[in-house]
$ cat query-v4.txt   # compact mmCIF, C-alpha atoms
# COMPACT_ATOMS: atom_id res chain seq x y z
CA MET A 22 0.00 0.00 0.00
CA VAL A 23 2.84 2.39 0.90
CA SER A 24 4.55 1.53 -2.39
CA PHE A 25 1.35 2.25 -4.30
CA LEU A 26 1.02 5.63 -2.58
CA LEU A 27 4.68 6.42 -3.30
CA LEU A 28 4.29 5.66 -6.99
CA THR A 29 1.03 7.63 -7.16
CA ALA A 30 2.80 10.60 -5.60
CA VAL A 31 5.61 10.17 -8.14
CA ILE A 32 3.15 10.39 -11.03
CA ILE A 33 1.38 13.44 -9.53
CA LEU A 34 4.72 15.20 -8.95
CA ALA A 35 5.83 14.36 -12.50
CA VAL A 36 2.70 16.02 -13.88
CA ILE A 37 3.23 19.04 -11.60
CA SER A 38 6.89 19.47 -12.56
CA ILE A 39 6.00 19.38 -16.26
CA THR A 40 2.89 21.59 -16.18
CA VAL A 41 3.57 24.20 -13.49
CA LYS A 42 4.56 27.58 -14.92
CA ARG A 43 6.87 28.83 -12.18
CA THR A 44 10.40 27.50 -12.24
CA VAL A 45 11.24 26.90 -8.59
CA PRO A 46 8.09 24.82 -7.79
CA ALA A 47 8.86 22.75 -10.90
CA VAL A 48 12.42 22.10 -9.72
CA LEU A 49 11.25 21.32 -6.18
CA SER A 50 8.60 18.86 -7.32
CA PHE A 51 11.20 17.19 -9.55
CA ALA A 52 13.57 16.88 -6.57
CA ILE A 53 10.83 15.36 -4.36
CA LEU A 54 9.87 13.01 -7.21
CA MET A 55 13.42 11.68 -7.41
CA PHE A 56 13.65 11.41 -3.62
CA LEU A 57 10.44 9.35 -3.49
CA LEU A 58 11.69 7.07 -6.26
CA GLY A 59 14.89 6.55 -4.24
CA LEU A 60 12.79 5.68 -1.18
CA TYR A 61 10.81 3.25 -3.29
CA TYR A 62 13.98 1.44 -4.36
CA ILE A 63 15.22 1.33 -0.77
CA GLY A 64 11.87 -0.20 0.19
CA TYR A 65 12.56 -2.93 -2.35
CA GLY A 66 15.84 -3.73 -0.59
CA GLU A 67 17.93 -2.13 -3.36
CA LYS A 68 19.71 0.26 -1.00
CA LEU A 69 22.64 1.05 -3.28
CA LEU A 70 20.37 1.99 -6.18
CA GLY A 71 18.09 4.03 -3.91
CA LEU A 72 20.92 5.99 -2.34
CA PHE A 73 22.55 6.46 -5.75
CA GLN A 74 19.24 7.81 -7.06
CA ILE A 75 18.82 10.25 -4.16
CA PHE A 76 22.41 11.50 -4.20
CA VAL A 77 22.72 11.85 -7.96
CA TYR A 78 19.30 13.23 -8.86
CA THR A 79 18.20 15.13 -5.77
CA GLY A 80 21.71 16.30 -4.97
CA GLY A 81 23.43 16.71 -8.33
CA ILE A 82 21.14 17.15 -11.28
CA VAL A 83 18.64 19.44 -9.55
CA VAL A 84 21.44 21.79 -8.47
CA LEU A 85 22.80 21.74 -12.02
CA MET A 86 19.38 22.70 -13.38
CA LEU A 87 19.04 25.52 -10.86
CA PHE A 88 22.46 26.79 -11.91
CA GLY A 89 21.36 26.78 -15.53
CA VAL A 90 18.19 28.68 -14.67
CA THR A 91 20.09 31.32 -12.69
CA VAL A 92 22.38 31.96 -15.68
CA ILE A 93 19.77 31.98 -18.45
CA GLY A 94 16.75 33.33 -16.59
CA THR A 95 13.17 32.17 -16.78
CA ASN A 96 11.91 34.05 -19.80
CA PHE A 97 10.74 30.93 -21.55
CA PRO A 98 8.03 30.79 -24.20
CA LYS A 99 4.60 29.32 -23.70
CA GLU A 100 3.77 25.79 -24.63
CA LYS A 101 2.96 25.17 -28.27
CA GLY A 102 -0.07 23.02 -28.96
CA ARG A 103 1.07 20.01 -30.95
CA ALA A 104 -1.91 17.80 -31.63
CA TRP A 105 0.16 15.24 -33.55
CA ALA A 106 2.48 14.80 -30.56
CA VAL A 107 -0.33 14.24 -28.09
CA THR A 108 -2.08 11.81 -30.44
CA SER A 109 1.06 9.78 -31.05
CA ILE A 110 1.88 9.70 -27.32
CA VAL A 111 -1.59 8.41 -26.49
CA LEU A 112 -1.23 5.70 -29.16
CA ILE A 113 2.25 4.72 -27.95
CA THR A 114 1.10 4.59 -24.33
CA ILE A 115 -1.90 2.40 -25.19
CA GLY A 116 0.49 0.14 -27.10
CA PHE A 117 2.82 -0.09 -24.09
CA PHE A 118 -0.09 -0.82 -21.74
CA ILE A 119 -0.65 -4.12 -23.51
CA ILE A 120 2.86 -5.35 -22.60
CA PRO A 121 2.33 -6.01 -18.84
CA PHE A 122 -0.63 -8.27 -19.63
CA ILE A 123 1.06 -10.39 -22.30
CA LEU A 124 4.32 -10.98 -20.43
CA PRO A 125 5.33 -14.62 -20.03
CA SER A 126 5.34 -15.89 -16.46
CA PHE A 127 8.68 -15.84 -14.65
CA ASN A 128 9.62 -17.42 -11.34
CA VAL A 129 8.87 -14.78 -8.72
CA VAL A 130 11.79 -14.43 -6.28
CA ASN A 131 11.03 -11.15 -4.47
CA ASN A 132 14.68 -10.60 -3.60
CA ALA A 133 17.11 -8.41 -5.52
CA GLY A 134 20.15 -9.72 -3.66
CA ASP A 135 22.19 -7.81 -1.10
CA ILE A 136 24.65 -5.04 -1.87
CA HIS A 137 27.59 -7.46 -2.08
CA GLU A 138 25.86 -9.41 -4.80
CA GLN A 139 25.03 -6.22 -6.73
CA VAL A 140 28.62 -4.98 -6.47
CA LYS A 141 29.84 -8.41 -7.56
CA VAL A 142 27.81 -8.11 -10.76
CA LEU A 143 29.29 -4.66 -11.39
CA THR A 144 32.89 -5.76 -10.80
CA LYS A 145 32.42 -8.90 -12.87
CA ASN A 146 31.50 -6.78 -15.90
CA TYR A 147 34.01 -4.03 -15.10
CA ALA A 148 35.74 -4.04 -18.51
CA GLU A 149 32.51 -3.85 -20.51
CA ILE A 150 31.08 -1.08 -18.32
CA THR A 151 34.28 0.96 -18.54
CA LEU A 152 34.40 0.59 -22.31
CA PHE A 153 30.73 1.56 -22.62
CA LEU A 154 31.11 4.62 -20.42
CA ALA A 155 34.25 5.65 -22.32
CA VAL A 156 32.35 5.48 -25.61
CA VAL A 157 29.44 7.50 -24.16
CA GLY A 158 31.78 10.10 -22.64
CA ALA A 159 33.75 10.44 -25.86
CA SER A 160 30.54 10.85 -27.87
CA LEU A 161 29.29 13.57 -25.53
CA LEU A 162 32.63 15.37 -25.66
CA TYR A 163 32.75 15.15 -29.46
CA GLY A 164 29.16 16.35 -29.73
CA SER A 165 29.78 19.31 -27.42
CA ILE A 166 32.90 20.45 -29.28
CA ARG A 167 31.28 19.94 -32.67
CA MET A 168 28.18 21.91 -31.69
CA LEU A 169 30.19 24.80 -30.28
CA HIS A 170 32.29 24.89 -33.43
CA THR A 171 29.14 24.98 -35.59
CA LEU A 172 27.53 27.69 -33.48
CA LYS A 173 30.64 29.87 -33.60
CA HIS A 174 30.90 29.39 -37.35
CA GLU A 175 27.24 30.42 -37.83
CA LYS A 176 27.73 33.44 -35.59
CA GLU A 177 30.73 34.57 -37.64
CA ILE A 178 28.73 34.23 -40.86
CA SER A 179 25.77 36.20 -39.51
CA MET B 1 3.24 -4.85 -5.43
CA SER B 2 3.36 -6.96 -8.52
CA PHE B 3 5.61 -6.39 -11.50
CA GLN B 4 2.62 -5.50 -13.67
CA ILE B 5 1.60 -2.59 -11.44
CA ASP B 6 5.18 -1.30 -11.37
CA MET B 7 5.28 -1.53 -15.13
CA ILE B 8 2.00 0.37 -15.52
CA PHE B 9 3.35 3.19 -13.35
CA ALA B 10 6.58 3.19 -15.34
CA ILE B 11 4.61 3.44 -18.60
CA ILE B 12 2.63 6.40 -17.22
CA LEU B 13 5.89 8.09 -16.19
CA PHE B 14 7.32 7.38 -19.65
CA ALA B 15 4.23 8.89 -21.31
CA ILE B 16 4.53 12.05 -19.18
CA GLY B 17 8.19 12.36 -20.17
CA LEU B 18 7.36 11.82 -23.83
CA TYR B 19 4.66 14.50 -23.63
CA GLY B 20 7.11 16.95 -22.04
CA ILE B 21 9.80 16.35 -24.65
CA THR B 22 7.48 16.84 -27.62
CA THR B 23 5.39 19.78 -26.41
CA LYS B 24 7.56 21.92 -24.12
CA ALA B 25 9.78 24.73 -25.38
CA ASP B 26 11.47 25.30 -22.01
CA PHE B 27 14.92 23.69 -21.74
CA LEU B 28 14.40 22.94 -18.04
CA LYS B 29 11.24 20.97 -18.67
CA ILE B 30 12.80 19.16 -21.61
CA PHE B 31 15.61 18.00 -19.28
CA PHE B 32 13.05 16.98 -16.65
CA SER B 33 11.18 14.99 -19.26
CA LEU B 34 14.39 13.27 -20.38
CA GLU B 35 15.14 12.27 -16.80
CA MET B 36 11.59 10.95 -16.43
CA LEU B 37 12.03 8.78 -19.51
CA LEU B 38 15.25 7.33 -18.08
CA ASN B 39 13.69 6.86 -14.64
CA ALA B 40 10.77 4.94 -16.12
CA VAL B 41 13.29 2.48 -17.55
CA ILE B 42 15.17 2.34 -14.23
CA LEU B 43 11.89 1.61 -12.43
CA ILE B 44 11.19 -1.35 -14.70
CA LEU B 45 14.76 -2.64 -14.28
CA ALA B 46 14.66 -2.31 -10.48
CA SER B 47 11.26 -3.95 -10.28
CA SER B 48 12.33 -6.87 -12.47
CA ALA B 49 15.50 -7.23 -10.36
CA TYR B 50 13.40 -7.50 -7.23
CA HIS B 51 10.59 -9.70 -8.49
CA PHE B 52 12.60 -12.09 -10.67
CA GLY B 53 16.01 -11.96 -9.00
CA MET B 54 17.68 -10.42 -12.08
CA THR B 55 20.51 -8.67 -10.23
CA GLN B 56 22.31 -7.91 -13.50
CA ASN B 57 19.47 -5.49 -14.33
CA LEU B 58 20.62 -3.32 -11.43
CA ALA B 59 24.04 -2.98 -13.10
CA ILE B 60 22.26 -1.61 -16.17
CA ALA B 61 20.28 0.75 -13.91
CA TYR B 62 23.52 2.11 -12.40
CA ILE B 63 24.92 2.69 -15.88
CA ILE B 64 21.73 4.51 -16.90
CA ILE B 65 22.01 6.81 -13.87
CA VAL B 66 25.63 7.60 -14.72
CA ILE B 67 24.69 8.32 -18.35
CA ALA B 68 21.80 10.53 -17.18
CA THR B 69 24.22 12.53 -15.10
CA LEU B 70 26.65 12.89 -18.00
CA GLU B 71 23.80 13.86 -20.31
CA ALA B 72 22.47 16.47 -17.91
CA ALA B 73 25.92 17.97 -17.34
CA ALA B 74 26.78 18.06 -21.04
CA GLY B 75 23.28 19.26 -21.97
CA VAL B 76 23.28 22.17 -19.54
CA LEU B 77 26.83 23.07 -20.62
CA ILE B 78 25.92 23.02 -24.29
CA PHE B 79 22.77 25.04 -23.71
CA LEU B 80 24.54 27.64 -21.57
CA LEU B 81 27.30 28.12 -24.13
CA ALA B 82 24.84 28.15 -27.01
CA ASN B 83 22.79 30.71 -25.13
CA ARG B 84 25.85 32.92 -24.69
CA ILE B 85 26.68 32.76 -28.38
CA THR B 86 23.21 33.05 -29.95
CA HIS B 87 21.24 34.70 -27.11
CA GLU B 88 18.45 32.24 -27.84
CA VAL B 89 16.38 30.51 -25.17
CA ILE B 90 14.35 28.15 -27.33
CA PRO B 91 16.18 24.88 -28.03
CA ASP B 92 14.15 24.37 -31.23
CA ARG B 93 15.45 27.62 -32.75
CA LEU B 94 19.08 27.67 -31.62
CA ASP B 95 20.31 27.57 -35.20
CA GLU B 96 18.35 30.68 -36.23
CA GLY B 97 19.97 33.13 -33.81
CA GLY B 98 18.30 36.20 -32.39
CA LYS B 99 16.22 36.63 -29.27
CA TYR B 100 12.84 35.13 -28.63
CA ASP B 101 9.97 37.54 -29.19
CA ASP B 102 7.04 36.77 -26.90
CA LYS B 103 4.41 38.56 -29.02

$ encode --input "query-v4.txt" --output "structure tokens"
Amino acid sequence: MVSFLLLTAVIILAVISITVKRTVPAVLSFAILMFLLGLYYIGYGEKLLGLFQIFVYTGGIVVLMLFGVTVIGTNFPKEKGRAWAVTSIVLITIGFFIIPFILPSFNVVNNAGDIHEQVKVLTKNYAEITLFLAVVGASLLYGSIRMLHTLKHEKEIS
Amino acid sequence: MSFQIDMIFAIILFAIGLYGITTKADFLKIFFSLEMLLNAVILILASSAYHFGMTQNLAIAYIIIVIATLEAAAGVLIFLLANRITHEVIPDRLDEGGKYDDK
């Protein structure tokens, strides 16, 4: 029951953070959303994931967003009505809703394993994870440099 | 709670994120929506790890969180620098230059 309430609150906060017009309430509801999700994972016994979620999202990303807002300001445009987007999202969501009911039956364990087991999985696949993160980091770095170069070039032309 | 209920909540969260990405013009809300999309996937992974004992799914969830952090850091950096160069606040029109006119 508590889990159900937590997830319901997560959905309500998600709607609030997307639809509210003022910036600080949006950021706050996003932070509480991430905190509740972290609590939900801790309730499942996945303490490492829950703490990771709370520290990274509530502590890191929210502060980063606030920093961005303080630099740019909050003079953002109003929402544009995009009927095609809403229609396609409704169709996609209805399509996804079918999945939980056609899933094959698995053996229910109700135990994610303790932290040692989770860390063991991470260390076992250390090389693959490092390689994957290196590729992602390099792509982000390349994309950032490339975009800045393009923007500067366009600015010089104009 | 069963895996199906978790999955339904994750799909709703995913739909909210998808709606935010496609309809919002505010960079903050676009980032929020992106994080919601990723968190919907993390919710499904964590739930499947708990219900079916798939501990390896948690490793994928950790990687997704790290990538979300990288993406947020790089995204805010790119947007801040782009904003300084073009003085544009709408991500859709960054390539056009010029300020946004709210009329």

$ residues_around --input "query-v4.txt" --residues "A:Ala47" --least-positions-apart "3" --cutoff "10 Å" --atoms "all atoms listed in the file" --output "list of chain:residue names"
A:Leu34, A:Ala35, A:Val36, A:Ile37, A:Ser38, A:Ile39, A:Thr40, A:Val41, A:Lys42, A:Arg43, A:Thr44, A:Ser50, A:Phe51, A:Ala52, B:Leu28, B:Lys29, B:Phe32

$ closest_residue --input "query-v4.txt" --among "A:Ile136, A:Val77, A:Met168, A:Leu26" --to "A:Tyr61" --atoms "all atoms listed in the file"
A:Leu26

$ closest_atom_pairs --input "query-v4.txt" --of "chain B" --to "chain A" --cutoff "7 Å" --atoms "all atoms listed in the file" --output "JSON lines"
{"residue": "B:Gln4", "atom": "CA", "partner": "A:Pro121", "partner_atom": "CA", "distance": 5.2}
{"residue": "B:Met7", "atom": "CA", "partner": "A:Pro121", "partner_atom": "CA", "distance": 6.5}
{"residue": "B:Ile8", "atom": "CA", "partner": "A:Phe118", "partner_atom": "CA", "distance": 6.7}
{"residue": "B:Phe9", "atom": "CA", "partner": "A:Leu28", "partner_atom": "CA", "distance": 6.9}
{"residue": "B:Ile11", "atom": "CA", "partner": "A:Phe117", "partner_atom": "CA", "distance": 6.8}
{"residue": "B:Leu13", "atom": "CA", "partner": "A:Ile32", "partner_atom": "CA", "distance": 6.3}
{"residue": "B:Ala15", "atom": "CA", "partner": "A:Thr114", "partner_atom": "CA", "distance": 6.1}
{"residue": "B:Ile16", "atom": "CA", "partner": "A:Val36", "partner_atom": "CA", "distance": 6.9}
{"residue": "B:Leu18", "atom": "CA", "partner": "A:Ile110", "partner_atom": "CA", "distance": 6.8}
{"residue": "B:Tyr19", "atom": "CA", "partner": "A:Ile110", "partner_atom": "CA", "distance": 6.7}
{"residue": "B:Gly20", "atom": "CA", "partner": "A:Ile39", "partner_atom": "CA", "distance": 6.4}
{"residue": "B:Thr22", "atom": "CA", "partner": "A:Ala106", "partner_atom": "CA", "distance": 6.1}
{"residue": "B:Thr23", "atom": "CA", "partner": "A:Lys101", "partner_atom": "CA", "distance": 6.2}
{"residue": "B:Lys24", "atom": "CA", "partner": "A:Glu100", "partner_atom": "CA", "distance": 5.4}
{"residue": "B:Ala25", "atom": "CA", "partner": "A:Glu100", "partner_atom": "CA", "distance": 6.1}
{"residue": "B:Asp26", "atom": "CA", "partner": "A:Phe97", "partner_atom": "CA", "distance": 5.7}
{"residue": "B:Leu28", "atom": "CA", "partner": "A:Met86", "partner_atom": "CA", "distance": 6.8}
{"residue": "B:Lys29", "atom": "CA", "partner": "A:Ile39", "partner_atom": "CA", "distance": 6.0}
{"residue": "B:Ala49", "atom": "CA", "partner": "A:Ala133", "partner_atom": "CA", "distance": 5.2}
{"residue": "B:Tyr50", "atom": "CA", "partner": "A:Ala133", "partner_atom": "CA", "distance": 4.2}
{"residue": "B:His51", "atom": "CA", "partner": "A:Asn131", "partner_atom": "CA", "distance": 4.3}
{"residue": "B:Phe52", "atom": "CA", "partner": "A:Val129", "partner_atom": "CA", "distance": 5.0}
{"residue": "B:Gly53", "atom": "CA", "partner": "A:Ala133", "partner_atom": "CA", "distance": 5.1}
{"residue": "B:Met54", "atom": "CA", "partner": "A:Ala133", "partner_atom": "CA", "distance": 6.9}
{"residue": "B:Thr55", "atom": "CA", "partner": "A:Ala133", "partner_atom": "CA", "distance": 5.8}
{"residue": "B:Gln56", "atom": "CA", "partner": "A:Val142", "partner_atom": "CA", "distance": 6.1}
{"residue": "B:Ala59", "atom": "CA", "partner": "A:Leu143", "partner_atom": "CA", "distance": 5.8}
{"residue": "B:Tyr62", "atom": "CA", "partner": "A:Leu70", "partner_atom": "CA", "distance": 7.0}
{"residue": "B:Thr69", "atom": "CA", "partner": "A:Ile82", "partner_atom": "CA", "distance": 6.7}
{"residue": "B:Ala72", "atom": "CA", "partner": "A:Ile82", "partner_atom": "CA", "distance": 6.8}
{"residue": "B:Ala74", "atom": "CA", "partner": "A:Leu161", "partner_atom": "CA", "distance": 6.8}
{"residue": "B:Val76", "atom": "CA", "partner": "A:Gly89", "partner_atom": "CA", "distance": 6.4}
{"residue": "B:Ile78", "atom": "CA", "partner": "A:Ser165", "partner_atom": "CA", "distance": 6.2}
{"residue": "B:Leu80", "atom": "CA", "partner": "A:Gly89", "partner_atom": "CA", "distance": 6.9}
{"residue": "B:Val89", "atom": "CA", "partner": "A:Phe97", "partner_atom": "CA", "distance": 6.7}
{"residue": "B:Asp102", "atom": "CA", "partner": "A:Pro98", "partner_atom": "CA", "distance": 6.6}

$ atom_distance --input "query-v4.txt" --atom1 "atom CA of A:Ala148" --atom2 "atom CA of B:Glu35"
26.3 Å

$ closest_residue --input "query-v4.txt" --among "B:Ile60, B:Leu81, B:Leu70, B:Ile5" --to "B:Val41" --atoms "all atoms listed in the file"
B:Ile60

$ atom_distance --input "query-v4.txt" --atom1 "atom CA of B:Met36" --atom2 "atom CA of B:Asp6"
14.7 Å

$ atom_distance --input "query-v4.txt" --atom1 "atom CA of B:Ile21" --atom2 "atom CA of B:Ser33"
5.7 Å

$ residues_around --input "query-v4.txt" --residues "B:Leu43" --least-positions-apart "3" --cutoff "8 Å" --atoms "only C-alpha atoms" --output "list in words"
Asp6, Met7, Ala10, Asn39, Ala40, Ala46 and Ser47 of chain B

$ decode --input "query-v4.txt" --residues "stretch 102-113 of chain A" --atoms "N, CA and C atoms" --output "tab-separated table (two decimals), in the first residue's frame"
chain	number	residue	atom	x	y	z
A	102	GLY	N	0.83	24.15	-28.82
A	102	GLY	CA	-0.07	23.02	-28.96
A	102	GLY	C	0.35	22.16	-30.14
A	103	ARG	N	0.66	20.92	-29.88
A	103	ARG	CA	1.07	20.01	-30.95
A	103	ARG	C	0.16	18.80	-30.89
A	104	ALA	N	-0.91	18.87	-31.69
A	104	ALA	CA	-1.91	17.80	-31.63
A	104	ALA	C	-1.31	16.47	-32.06
A	105	TRP	N	-0.42	16.50	-33.06
A	105	TRP	CA	0.16	15.24	-33.55
A	105	TRP	C	0.96	14.55	-32.46
A	106	ALA	N	1.65	15.38	-31.63
A	106	ALA	CA	2.48	14.80	-30.56
A	106	ALA	C	1.61	14.11	-29.52
A	107	VAL	N	0.55	14.81	-29.13
A	107	VAL	CA	-0.33	14.24	-28.09
A	107	VAL	C	-0.99	12.96	-28.61
A	108	THR	N	-1.44	13.00	-29.86
A	108	THR	CA	-2.08	11.81	-30.44
A	108	THR	C	-1.12	10.63	-30.48
A	109	SER	N	0.11	10.89	-30.95
A	109	SER	CA	1.06	9.78	-31.05
A	109	SER	C	1.45	9.26	-29.67
A	110	ILE	N	1.54	10.16	-28.67
A	110	ILE	CA	1.88	9.70	-27.32
A	110	ILE	C	0.78	8.82	-26.76
A	111	VAL	N	-0.47	9.23	-26.99
A	111	VAL	CA	-1.59	8.41	-26.49
A	111	VAL	C	-1.56	7.03	-27.15
A	112	LEU	N	-1.28	6.99	-28.46
A	112	LEU	CA	-1.23	5.70	-29.16
A	112	LEU	C	-0.09	4.84	-28.63
A	113	ILE	N	1.10	5.47	-28.44
A	113	ILE	CA	2.25	4.72	-27.95
A	113	ILE	C	1.98	4.18	-26.55
